[in-house]
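Data first, discussion second: the structure below is written as structure tokens.
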Amino acid sequence: MKQKIFAVVATSENRAIGHKGWLPWPEMKCDYERLMTLAYHKPAVMGRLSYESPNQFLSNNQNLIITSHKIDDLPDNCTTVSSIEEALKYYENEPEICILGGQRVFESFMPYLTHIYLTLIHTVAKADAYFPEISNKDWHLINQESFYAGEGNPLDYEFLEYQKVKE
Ligand SMILES: NC(=O)c1ccc[n+]([C@@H]2O[C@H](COP(=O)([O-])OP(=O)(O)OC[C@H]3O[C@@H](n4cnc5c(N)ncnc54)[C@H](OP(=O)(O)O)[C@@H]3O)[C@@H](O)[C@H]2O)c1
């Protein structure tokens, strides 16, 4: 069976994902809750800057951190790898892998992704990190739920689920 390689990401309407290491919008409870639901128990991959970010999210399964540096005091369930190829090899027998970002990691994994779980935050954010374009040619939108702002979520948002068009 084909391995499921999925990204879990929150973006603004202009595809922003980060600004100076932080998320570029006020704290949104829905983003953290969706990560907990979709990613918390899965083998995960992230870039060194996302690992070091104040918004760091770790799976309670295995976490691979892509870096060319040595990272001190890594938690027991974290391992460094030097490339996406090494990450894919490490997880070759896992049925599912979760890609947690940031920009450079999402860009590198884009050709390998089979699913994208996107939380679309309804704002236009100033940013220095972005998610790649999701083209209609390559991706089917298979699920969409819309929510109004409310307690813990100061902005309107949507949960979108994309599946890669089969080649
Ligand atoms: N909104 C969201 O859902 C979300 C999710 C995650 C992160 N973010 C945001 O995204 C921003 C960080 O993104 P970023 O692109 O700057 O950093 P990043 O992808 O988290 O990390 C970049 C670092 O990871 C390593 N790396 C990543 N891809 C690699 C590759 N293909 N080959 C070799 N090494 C690779 C390199 O580490 P070395 O320099 O150590 O070699 C690189 O400097 C932050 O603002 C964060 O808050 C947002």
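Each chain in the structure tokens gets a letter, A, B, ..., in the order shown, and its residues are numbered from 1; ligands are numbered from 1 in order too.
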> What do you get as number ranges by chain if you pick all residues at most 9 Å from ligand 1, counting only C-alpha atoms and all ligand atoms?
Replying inline: A: 7-12, 16-24, 31, 35, 46-57, 65-71, 81-85, 99-109, 118-119, 127-131
> What's the 12 Å shell around A:Lys137, counting only C-alpha atoms, without same-chain residues fewer than 4 positions away, as a PyMOL selection string?
Replying inline: chain A and resi 133+141+162-167
Serialized selection, all heavy atoms, as a PDB file, in the first residue's frame:
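File written: again_11.pdb
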ATOM      1  N   GLU A 133       2.199  27.081  -3.265  1.00  0.00           N
ATOM      2  CA  GLU A 133       0.887  27.132  -3.907  1.00  0.00           C
ATOM      3  C   GLU A 133       0.322  25.712  -4.062  1.00  0.00           C
ATOM      4  O   GLU A 133       1.071  24.773  -4.372  1.00  0.00           O
ATOM      5  CB  GLU A 133       1.024  27.773  -5.288  1.00  0.00           C
ATOM      6  CG  GLU A 133      -0.310  28.092  -5.902  1.00  0.00           C
ATOM      7  CD  GLU A 133      -0.169  28.717  -7.282  1.00  0.00           C
ATOM      8  OE1 GLU A 133       0.895  29.279  -7.568  1.00  0.00           O
ATOM      9  OE2 GLU A 133      -1.140  28.603  -8.047  1.00  0.00           O
ATOM     10  N   LEU A 141      -9.545  19.230  -3.673  1.00  0.00           N
ATOM     11  CA  LEU A 141     -10.074  19.596  -2.358  1.00  0.00           C
ATOM     12  C   LEU A 141     -11.164  18.581  -2.020  1.00  0.00           C
ATOM     13  O   LEU A 141     -12.182  18.506  -2.708  1.00  0.00           O
ATOM     14  CB  LEU A 141     -10.648  21.017  -2.408  1.00  0.00           C
ATOM     15  CG  LEU A 141     -11.250  21.532  -1.113  1.00  0.00           C
ATOM     16  CD1 LEU A 141     -10.215  21.610   0.007  1.00  0.00           C
ATOM     17  CD2 LEU A 141     -11.878  22.912  -1.333  1.00  0.00           C
ATOM     18  N   TYR A 162      -6.860  18.293   1.333  1.00  0.00           N
ATOM     19  CA  TYR A 162      -6.516  18.082  -0.080  1.00  0.00           C
ATOM     20  C   TYR A 162      -5.897  16.703  -0.257  1.00  0.00           C
ATOM     21  O   TYR A 162      -5.142  16.231   0.594  1.00  0.00           O
ATOM     22  CB  TYR A 162      -5.480  19.108  -0.546  1.00  0.00           C
ATOM     23  CG  TYR A 162      -5.960  20.520  -0.612  1.00  0.00           C
ATOM     24  CD1 TYR A 162      -5.826  21.364   0.497  1.00  0.00           C
ATOM     25  CD2 TYR A 162      -6.518  21.032  -1.770  1.00  0.00           C
ATOM     26  CE1 TYR A 162      -6.258  22.683   0.441  1.00  0.00           C
ATOM     27  CE2 TYR A 162      -6.950  22.349  -1.833  1.00  0.00           C
ATOM     28  CZ  TYR A 162      -6.810  23.162  -0.723  1.00  0.00           C
ATOM     29  OH  TYR A 162      -7.226  24.463  -0.780  1.00  0.00           O
ATOM     30  N   GLN A 163      -6.212  16.119  -1.413  1.00  0.00           N
ATOM     31  CA  GLN A 163      -5.600  14.839  -1.786  1.00  0.00           C
ATOM     32  C   GLN A 163      -4.899  15.026  -3.129  1.00  0.00           C
ATOM     33  O   GLN A 163      -5.458  15.665  -4.032  1.00  0.00           O
ATOM     34  CB  GLN A 163      -6.684  13.777  -1.905  1.00  0.00           C
ATOM     35  CG  GLN A 163      -6.158  12.373  -1.994  1.00  0.00           C
ATOM     36  CD  GLN A 163      -7.294  11.356  -1.825  1.00  0.00           C
ATOM     37  OE1 GLN A 163      -8.395  11.565  -2.337  1.00  0.00           O
ATOM     38  NE2 GLN A 163      -7.033  10.299  -1.119  1.00  0.00           N
ATOM     39  N   LYS A 164      -3.712  14.450  -3.245  1.00  0.00           N
ATOM     40  CA  LYS A 164      -2.951  14.581  -4.498  1.00  0.00           C
ATOM     41  C   LYS A 164      -3.693  13.870  -5.629  1.00  0.00           C
ATOM     42  O   LYS A 164      -4.195  12.753  -5.436  1.00  0.00           O
ATOM     43  CB  LYS A 164      -1.572  13.929  -4.289  1.00  0.00           C
ATOM     44  CG  LYS A 164      -0.598  14.063  -5.427  1.00  0.00           C
ATOM     45  CD  LYS A 164       0.078  15.418  -5.382  1.00  0.00           C
ATOM     46  CE  LYS A 164       1.138  15.564  -6.438  1.00  0.00           C
ATOM     47  NZ  LYS A 164       2.428  15.033  -5.971  1.00  0.00           N
ATOM     48  N   VAL A 165      -3.766  14.541  -6.767  1.00  0.00           N
ATOM     49  CA  VAL A 165      -4.358  13.916  -7.951  1.00  0.00           C
ATOM     50  C   VAL A 165      -3.482  12.738  -8.351  1.00  0.00           C
ATOM     51  O   VAL A 165      -2.255  12.859  -8.397  1.00  0.00           O
ATOM     52  CB  VAL A 165      -4.424  14.941  -9.103  1.00  0.00           C
ATOM     53  CG1 VAL A 165      -4.842  14.287 -10.399  1.00  0.00           C
ATOM     54  CG2 VAL A 165      -5.355  16.085  -8.747  1.00  0.00           C
ATOM     55  N   LYS A 166      -4.107  11.593  -8.595  1.00  0.00           N
ATOM     56  CA  LYS A 166      -3.311  10.397  -8.931  1.00  0.00           C
ATOM     57  C   LYS A 166      -2.679  10.551 -10.303  1.00  0.00           C
ATOM     58  O   LYS A 166      -3.311  11.034 -11.235  1.00  0.00           O
ATOM     59  CB  LYS A 166      -4.201   9.154  -8.896  1.00  0.00           C
ATOM     60  CG  LYS A 166      -4.621   8.813  -7.494  1.00  0.00           C
ATOM     61  CD  LYS A 166      -5.069   7.365  -7.373  1.00  0.00           C
ATOM     62  CE  LYS A 166      -5.357   6.986  -5.941  1.00  0.00           C
ATOM     63  NZ  LYS A 166      -6.255   7.874  -5.204  1.00  0.00           N
ATOM     64  N   GLU A 167      -1.387  10.171 -10.366  1.00  0.00           N
ATOM     65  CA  GLU A 167      -0.695  10.283 -11.678  1.00  0.00           C
ATOM     66  C   GLU A 167      -1.091   9.136 -12.584  1.00  0.00           C
ATOM     67  O   GLU A 167      -1.500   8.107 -12.161  1.00  0.00           O
ATOM     68  CB  GLU A 167       0.836  10.248 -11.447  1.00  0.00           C
ATOM     69  CG  GLU A 167       1.362  11.571 -10.939  1.00  0.00           C
ATOM     70  CD  GLU A 167       2.207  11.426  -9.671  1.00  0.00           C
ATOM     71  OE1 GLU A 167       2.711  10.336  -9.401  1.00  0.00           O
ATOM     72  OE2 GLU A 167       2.321  12.421  -8.941  1.00  0.00           O
TER      73      GLU A 167
END
> If you run DSSP on the backbone, which residues of chain A are alpha helix (DSSP H), as a PyMOL selection string?
Replying inline: chain A and resi 29-39+48-52+84-90+103-109
Mind writing the picked residues with C-alpha atoms as a CSV table (one decimal), in the first residue's frame?
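Saved file out.csv follows:
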chain,number,residue,atom,x,y,z
A,29,LYS,CA,-6.9,27.3,19.5
A,30,CYS,CA,-8.2,25.5,16.4
A,31,ASP,CA,-4.7,25.2,15.0
A,32,TYR,CA,-3.3,23.5,18.1
A,33,GLU,CA,-6.3,21.3,18.4
A,34,ARG,CA,-6.1,20.1,14.8
A,35,LEU,CA,-2.4,19.4,15.3
A,36,MET,CA,-3.2,17.3,18.4
A,37,THR,CA,-5.9,15.4,16.5
A,38,LEU,CA,-3.9,14.7,13.3
A,39,ALA,CA,-0.3,14.8,14.2
A,48,ARG,CA,15.5,22.9,12.6
A,49,LEU,CA,14.0,26.4,12.7
A,50,SER,CA,10.5,25.0,13.4
A,51,TYR,CA,12.0,22.8,16.1
A,52,GLU,CA,13.6,25.9,17.7
A,84,ILE,CA,14.6,14.7,3.3
A,85,GLU,CA,15.9,11.6,1.6
A,86,GLU,CA,17.3,10.4,5.0
A,87,ALA,CA,14.0,11.2,6.7
A,88,LEU,CA,12.1,9.2,4.0
A,89,LYS,CA,14.5,6.2,4.4
A,90,TYR,CA,14.2,6.4,8.2
A,103,GLN,CA,8.6,26.7,4.7
A,104,ARG,CA,11.8,25.0,3.6
A,105,VAL,CA,10.6,21.5,4.7
A,106,PHE,CA,7.1,22.0,3.2
A,107,GLU,CA,8.7,23.1,-0.1
A,108,SER,CA,11.1,20.1,-0.1
A,109,PHE,CA,8.3,17.6,0.7
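Shortest separation to A:Lys126 among A:Thr114, A:Asn143, A:Asn14, A:Asn63 occurs at residue A:Asn14, atoms counted being only C-alpha atoms.
Between A:Met110 and the candidates A:Glu92, A:Leu74, A:Pro43, A:Ile5, the tightest atom-to-atom separation, counting only C-alpha atoms, involves A:Ile5.
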>> Using Å and a single decimal, report how far atom CA of A:His115 sits from atom CA of A:Tyr157.
In response: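 Taking atom CA of A:Tyr157 and atom CA of A:His115, their separation equals 19.3 Å.
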> A:Ser146: which residues within 9 Å, counting only C-alpha atoms, same-chain residues fewer than 5 positions away excluded, as a PyMOL selection string?
Replying inline: chain A and resi 156-160
Same residues, C-alpha atoms, output as a compact mmCIF listing (two decimals), in the first residue's frame:
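File result.txt, as written:
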# COMPACT_ATOMS: atom_id res chain seq x y z
CA ASP A 156 -12.78 33.07 11.13
CA TYR A 157 -11.12 29.88 9.83
CA GLU A 158 -11.62 26.79 7.67
CA PHE A 159 -10.42 23.21 7.79
CA LEU A 160 -9.45 22.12 4.27
> Could you write out, as a PyMOL selection string, all the residues of stretch 51-160 of chain A that DSSP marks as strand (DSSP E)?
Replying inline: chain A and resi 63-66+78-81+96-99+115-121+129-130+139-147+157-160
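For the set A:Thr123, A:Ser135, A:Gln62, A:Asn93, the residue with the smallest atom-to-atom gap to A:Trp25 is A:Thr123, counting only C-alpha atoms.
The coordinates place atom CA of A:Cys98 at 10.1 Å from atom CA of A:Tyr117.
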